Amino acid sequence: MAHPTELLTPKDLEILEEWGRRVRREKANWEFINSLPNNFRKALEYYIETGDIRTASVKFNINIYLLNELRIKAGIPSTI
Amino acid sequence: MRLASLDTCFLIDWALYRRRNYIIKIFDKILISEHVLREIYSGKTLDFVTELLSKGFMTLIPLTSQEEEIARRLITIALSDPRIPELHETEVYAVAIALTYNTIIVTENKAVLWLKIYYPNEIPQPVWRSIDVLLELVKKSVIKVNNIEDALKIVEEYSIDVKHSFSHIDIRRFQEEVMLWLTQQNS
């Protein structure tokens, strides 16, 4: 028996990237996101496009815990 | 002894899950670096980490030159391969701790996952995400399931609590593993 992560292949990663971006874009509350101050809005937009919350927090200098709280408020699912 | 090295990317989500404490039923000890602790200064994640540390289920691991060397090597690989997302301190040290202490790596970080898949020899330790932890809770009967619907409810609970979406690829594999396990239990 194997765990789902053990079974992932590079091809799966490509599929997950496309799927994740689509889901994050579709579920995001854009009205809320667009109402945020510039830095927070850009961080969430970056996260929506990449699915990489760590890099979003570093790039926009926002604590990762706080950014995750904001992600949830903005209705953006984590997907990986 | 089954050990796990956790990073912030996993903890900030897992701490929101209604059954978060069940994780101590599948690991003998959870290891974190001070980098993880530094980032978590409020809310449910802090409560969760504080509780695990005070009860001895979680241990803070000091970093030595050994972990620094591992971190340097992995970051060099990530920098030289455009397929690998940016690899940052907290996550790379979680991996380094796992390599030093022979633990499972539990993460929701893209860079670690991509590194594992493209460079499995560099990270021989298993890498688990939340879907794997949930599967283990089923297989170890920490959460009792009688059928596949029960198991999928667990995934749904997690998705709701954490605002996480699992891919069809992961759900399918989770289902297959649970079916296999159920078959073995019933034979």
# chains A, B, ... in the order shown; residues from 1 in each chain; ligands from 1
$ residues_around --residues "region 3-6 of chain B" --least-positions-apart "2" --cutoff "6 Å" --atoms "only C-alpha atoms" --output "PDB file with N, CA, C and O atoms, in the first residue's frame"
ATOM      1  N   PHE B  27       2.275   9.447  15.288  1.00  0.00           N
ATOM      2  CA  PHE B  27       3.706   9.718  15.428  1.00  0.00           C
ATOM      3  C   PHE B  27       4.097   9.663  16.901  1.00  0.00           C
ATOM      4  O   PHE B  27       3.374  10.167  17.750  1.00  0.00           O
ATOM      5  N   ASP B  28       5.252   9.046  17.160  1.00  0.00           N
ATOM      6  CA  ASP B  28       5.734   8.992  18.539  1.00  0.00           C
ATOM      7  C   ASP B  28       6.228  10.361  19.001  1.00  0.00           C
ATOM      8  O   ASP B  28       6.122  10.709  20.175  1.00  0.00           O
ATOM      9  N   LYS B  29       6.788  11.111  18.052  1.00  0.00           N
ATOM     10  CA  LYS B  29       7.294  12.445  18.378  1.00  0.00           C
ATOM     11  C   LYS B  29       7.275  13.303  17.117  1.00  0.00           C
ATOM     12  O   LYS B  29       7.547  12.812  16.021  1.00  0.00           O
ATOM     13  N   ILE B  30       6.956  14.581  17.307  1.00  0.00           N
ATOM     14  CA  ILE B  30       6.975  15.533  16.184  1.00  0.00           C
ATOM     15  C   ILE B  30       8.109  16.516  16.425  1.00  0.00           C
ATOM     16  O   ILE B  30       8.242  17.059  17.532  1.00  0.00           O
ATOM     17  N   LEU B  31       8.932  16.710  15.408  1.00  0.00           N
ATOM     18  CA  LEU B  31      10.086  17.608  15.530  1.00  0.00           C
ATOM     19  C   LEU B  31       9.823  18.887  14.733  1.00  0.00           C
ATOM     20  O   LEU B  31       9.316  18.818  13.605  1.00  0.00           O
ATOM     21  N   ILE B  32      10.185  20.017  15.337  1.00  0.00           N
ATOM     22  CA  ILE B  32      10.132  21.285  14.597  1.00  0.00           C
ATOM     23  C   ILE B  32      11.400  22.082  14.888  1.00  0.00           C
ATOM     24  O   ILE B  32      12.064  21.869  15.906  1.00  0.00           O
ATOM     25  N   ALA B  94      13.173  21.932   7.854  1.00  0.00           N
ATOM     26  CA  ALA B  94      12.305  20.793   8.207  1.00  0.00           C
ATOM     27  C   ALA B  94      12.786  19.542   7.483  1.00  0.00           C
ATOM     28  O   ALA B  94      12.812  18.447   8.053  1.00  0.00           O
ATOM     29  N   ALA B  98      14.603  16.111   9.054  1.00  0.00           N
ATOM     30  CA  ALA B  98      14.116  14.775   8.686  1.00  0.00           C
ATOM     31  C   ALA B  98      15.261  13.882   8.222  1.00  0.00           C
ATOM     32  O   ALA B  98      15.318  12.696   8.569  1.00  0.00           O
ATOM     33  N   THR B 103      13.256  10.975   9.827  1.00  0.00           N
ATOM     34  CA  THR B 103      11.828  11.117  10.092  1.00  0.00           C
ATOM     35  C   THR B 103      11.046  11.234   8.782  1.00  0.00           C
ATOM     36  O   THR B 103      11.622  11.478   7.720  1.00  0.00           O
ATOM     37  N   ILE B 104       9.750  11.127   8.897  1.00  0.00           N
ATOM     38  CA  ILE B 104       8.847  11.441   7.786  1.00  0.00           C
ATOM     39  C   ILE B 104       8.749  12.977   7.725  1.00  0.00           C
ATOM     40  O   ILE B 104       8.730  13.642   8.764  1.00  0.00           O
ATOM     41  N   ILE B 105       8.718  13.505   6.513  1.00  0.00           N
ATOM     42  CA  ILE B 105       8.546  14.953   6.336  1.00  0.00           C
ATOM     43  C   ILE B 105       7.063  15.207   6.092  1.00  0.00           C
ATOM     44  O   ILE B 105       6.480  14.593   5.193  1.00  0.00           O
ATOM     45  N   VAL B 106       6.465  16.092   6.896  1.00  0.00           N
ATOM     46  CA  VAL B 106       5.048  16.408   6.704  1.00  0.00           C
ATOM     47  C   VAL B 106       4.959  17.882   6.322  1.00  0.00           C
ATOM     48  O   VAL B 106       5.333  18.760   7.091  1.00  0.00           O
TER      49      VAL B 106
END
$ interface_residues --of "chain A" --to "chain B" --cutoff "10 Å" --atoms "only C-alpha atoms" --output "ChimeraX atom specification"
/A:1-10,12-13,15-16,19-20,23-24,50-55,58,63-66,68-69,71-73,75-80
$ write_last_selection --atoms "N, CA, C and O atoms" --output "compact mmCIF listing (two decimals), in the first residue's frame"
# COMPACT_ATOMS: atom_id res chain seq x y z
N MET A 1 0.85 -1.20 0.00
CA MET A 1 0.00 0.00 0.00
C MET A 1 0.88 1.24 0.00
O MET A 1 1.91 1.27 0.66
N ALA A 2 0.41 2.26 -0.76
CA ALA A 2 1.22 3.48 -0.87
C ALA A 2 0.36 4.68 -0.54
O ALA A 2 -0.85 4.67 -0.75
N HIS A 3 1.00 5.73 -0.04
CA HIS A 3 0.29 6.98 0.22
C HIS A 3 0.18 7.78 -1.07
O HIS A 3 1.04 7.65 -1.96
N PRO A 4 -0.86 8.60 -1.20
CA PRO A 4 -1.05 9.40 -2.42
C PRO A 4 0.18 10.20 -2.84
O PRO A 4 0.49 10.27 -4.02
N THR A 5 0.90 10.78 -1.88
CA THR A 5 2.06 11.61 -2.25
C THR A 5 3.17 10.76 -2.86
O THR A 5 3.85 11.20 -3.78
N GLU A 6 3.34 9.55 -2.36
CA GLU A 6 4.37 8.64 -2.91
C GLU A 6 4.12 8.33 -4.37
O GLU A 6 5.04 8.00 -5.11
N LEU A 7 2.86 8.39 -4.76
CA LEU A 7 2.49 7.98 -6.12
C LEU A 7 2.55 9.13 -7.13
O LEU A 7 2.37 8.91 -8.32
N LEU A 8 2.78 10.35 -6.65
CA LEU A 8 2.80 11.49 -7.57
C LEU A 8 3.96 11.39 -8.55
O LEU A 8 5.07 11.01 -8.19
N THR A 9 3.68 11.76 -9.80
CA THR A 9 4.70 11.78 -10.86
C THR A 9 4.84 13.21 -11.36
O THR A 9 3.97 14.06 -11.09
N PRO A 10 5.91 13.49 -12.14
CA PRO A 10 6.03 14.83 -12.73
C PRO A 10 4.80 15.20 -13.57
O PRO A 10 4.37 16.36 -13.56
N ASP A 12 1.74 14.29 -13.00
CA ASP A 12 0.71 14.67 -12.02
C ASP A 12 0.90 16.10 -11.57
O ASP A 12 -0.06 16.85 -11.40
N LEU A 13 2.17 16.49 -11.35
CA LEU A 13 2.45 17.85 -10.89
C LEU A 13 1.95 18.88 -11.90
O LEU A 13 1.41 19.92 -11.52
N ILE A 15 -0.51 18.52 -13.98
CA ILE A 15 -1.99 18.53 -13.90
C ILE A 15 -2.43 19.29 -12.64
O ILE A 15 -3.36 20.10 -12.69
N LEU A 16 -1.73 19.05 -11.53
CA LEU A 16 -2.09 19.70 -10.26
C LEU A 16 -1.91 21.21 -10.35
O LEU A 16 -2.69 21.97 -9.78
N TRP A 19 -4.88 22.55 -12.47
CA TRP A 19 -6.12 22.37 -11.71
C TRP A 19 -6.17 23.35 -10.53
O TRP A 19 -7.18 24.02 -10.30
N GLY A 20 -5.05 23.42 -9.79
CA GLY A 20 -4.99 24.28 -8.60
C GLY A 20 -5.24 25.74 -8.93
O GLY A 20 -6.00 26.44 -8.27
N VAL A 23 -8.93 26.29 -9.75
CA VAL A 23 -9.79 26.23 -8.55
C VAL A 23 -9.61 27.47 -7.68
O VAL A 23 -10.58 28.06 -7.21
N ARG A 24 -8.37 27.89 -7.49
CA ARG A 24 -8.12 29.07 -6.66
C ARG A 24 -8.74 30.32 -7.28
O ARG A 24 -9.35 31.14 -6.59
N THR A 50 0.12 30.94 -8.20
CA THR A 50 1.20 29.95 -8.01
C THR A 50 0.87 28.84 -7.04
O THR A 50 1.50 27.78 -7.08
N GLY A 51 -0.04 29.07 -6.10
CA GLY A 51 -0.32 28.07 -5.07
C GLY A 51 0.81 27.95 -4.05
O GLY A 51 0.87 26.98 -3.29
N ASP A 52 1.71 28.94 -4.03
CA ASP A 52 2.89 28.87 -3.16
C ASP A 52 2.77 29.94 -2.08
O ASP A 52 3.23 31.09 -2.28
N ILE A 53 2.20 29.56 -0.94
CA ILE A 53 1.97 30.55 0.10
C ILE A 53 3.26 30.99 0.76
O ILE A 53 3.39 32.15 1.20
N ARG A 54 4.23 30.12 0.83
CA ARG A 54 5.52 30.47 1.44
C ARG A 54 6.18 31.58 0.63
O ARG A 54 6.59 32.60 1.19
N THR A 55 6.31 31.40 -0.66
CA THR A 55 6.97 32.42 -1.48
C THR A 55 6.15 33.71 -1.48
O THR A 55 6.73 34.80 -1.48
N VAL A 58 7.05 35.54 1.69
CA VAL A 58 8.41 36.10 1.65
C VAL A 58 8.46 37.30 0.70
O VAL A 58 8.99 38.36 1.04
N ASN A 63 3.70 37.85 7.28
CA ASN A 63 3.83 36.62 8.06
C ASN A 63 2.95 35.53 7.47
O ASN A 63 1.79 35.78 7.13
N ILE A 64 3.49 34.32 7.33
CA ILE A 64 2.78 33.26 6.63
C ILE A 64 1.48 32.87 7.34
O ILE A 64 0.47 32.54 6.69
N TYR A 65 1.49 32.93 8.66
CA TYR A 65 0.28 32.60 9.42
C TYR A 65 -0.82 33.62 9.09
O TYR A 65 -1.96 33.26 8.81
N LEU A 66 -0.47 34.88 9.10
CA LEU A 66 -1.43 35.95 8.79
C LEU A 66 -1.92 35.85 7.34
O LEU A 66 -3.11 36.05 7.06
N ASN A 68 -2.15 33.19 5.60
CA ASN A 68 -3.06 32.05 5.52
C ASN A 68 -4.45 32.42 6.03
O ASN A 68 -5.46 32.00 5.47
N GLU A 69 -4.48 33.22 7.10
CA GLU A 69 -5.78 33.71 7.62
C GLU A 69 -6.49 34.54 6.55
O GLU A 69 -7.70 34.43 6.35
N ARG A 71 -6.01 34.34 3.33
CA ARG A 71 -6.39 33.40 2.25
C ARG A 71 -7.78 32.84 2.53
O ARG A 71 -8.65 32.79 1.64
N ILE A 72 -7.97 32.43 3.79
CA ILE A 72 -9.25 31.83 4.16
C ILE A 72 -10.37 32.87 4.08
O ILE A 72 -11.45 32.59 3.55
N LYS A 73 -10.10 34.07 4.58
CA LYS A 73 -11.12 35.15 4.52
C LYS A 73 -11.49 35.45 3.07
O LYS A 73 -12.63 35.81 2.78
N GLY A 75 -11.63 33.35 0.74
CA GLY A 75 -12.29 32.20 0.13
C GLY A 75 -11.42 31.37 -0.78
O GLY A 75 -11.91 30.54 -1.56
N ILE A 76 -10.10 31.56 -0.69
CA ILE A 76 -9.19 30.85 -1.61
C ILE A 76 -8.79 29.52 -0.97
O ILE A 76 -8.21 29.52 0.12
N PRO A 77 -9.08 28.40 -1.61
CA PRO A 77 -8.69 27.13 -1.00
C PRO A 77 -7.18 26.90 -1.12
O PRO A 77 -6.56 27.34 -2.10
N SER A 78 -6.61 26.23 -0.14
CA SER A 78 -5.23 25.74 -0.32
C SER A 78 -5.35 24.47 -1.16
O SER A 78 -6.34 23.73 -1.07
N THR A 79 -4.42 24.26 -2.03
CA THR A 79 -4.49 23.17 -3.00
C THR A 79 -3.09 22.65 -3.25
O THR A 79 -2.32 23.33 -3.84
N ILE A 80 -2.74 21.50 -2.83
CA ILE A 80 -1.42 20.98 -3.22
C ILE A 80 -1.44 19.47 -3.15
O ILE A 80 -2.19 18.91 -2.38
$ select_by_dssp --residues "chain B" --states "alpha helix (DSSP H)" --output "number ranges by chain"
B: 8-14, 34-39, 43-54, 65-80, 89-101, 110-118, 130-139, 148-162, 168-186
$ atom_distance --atom1 "CA of Ser57 (chain A)" --atom2 "CA of Leu44 (chain A)"
9.3 Å
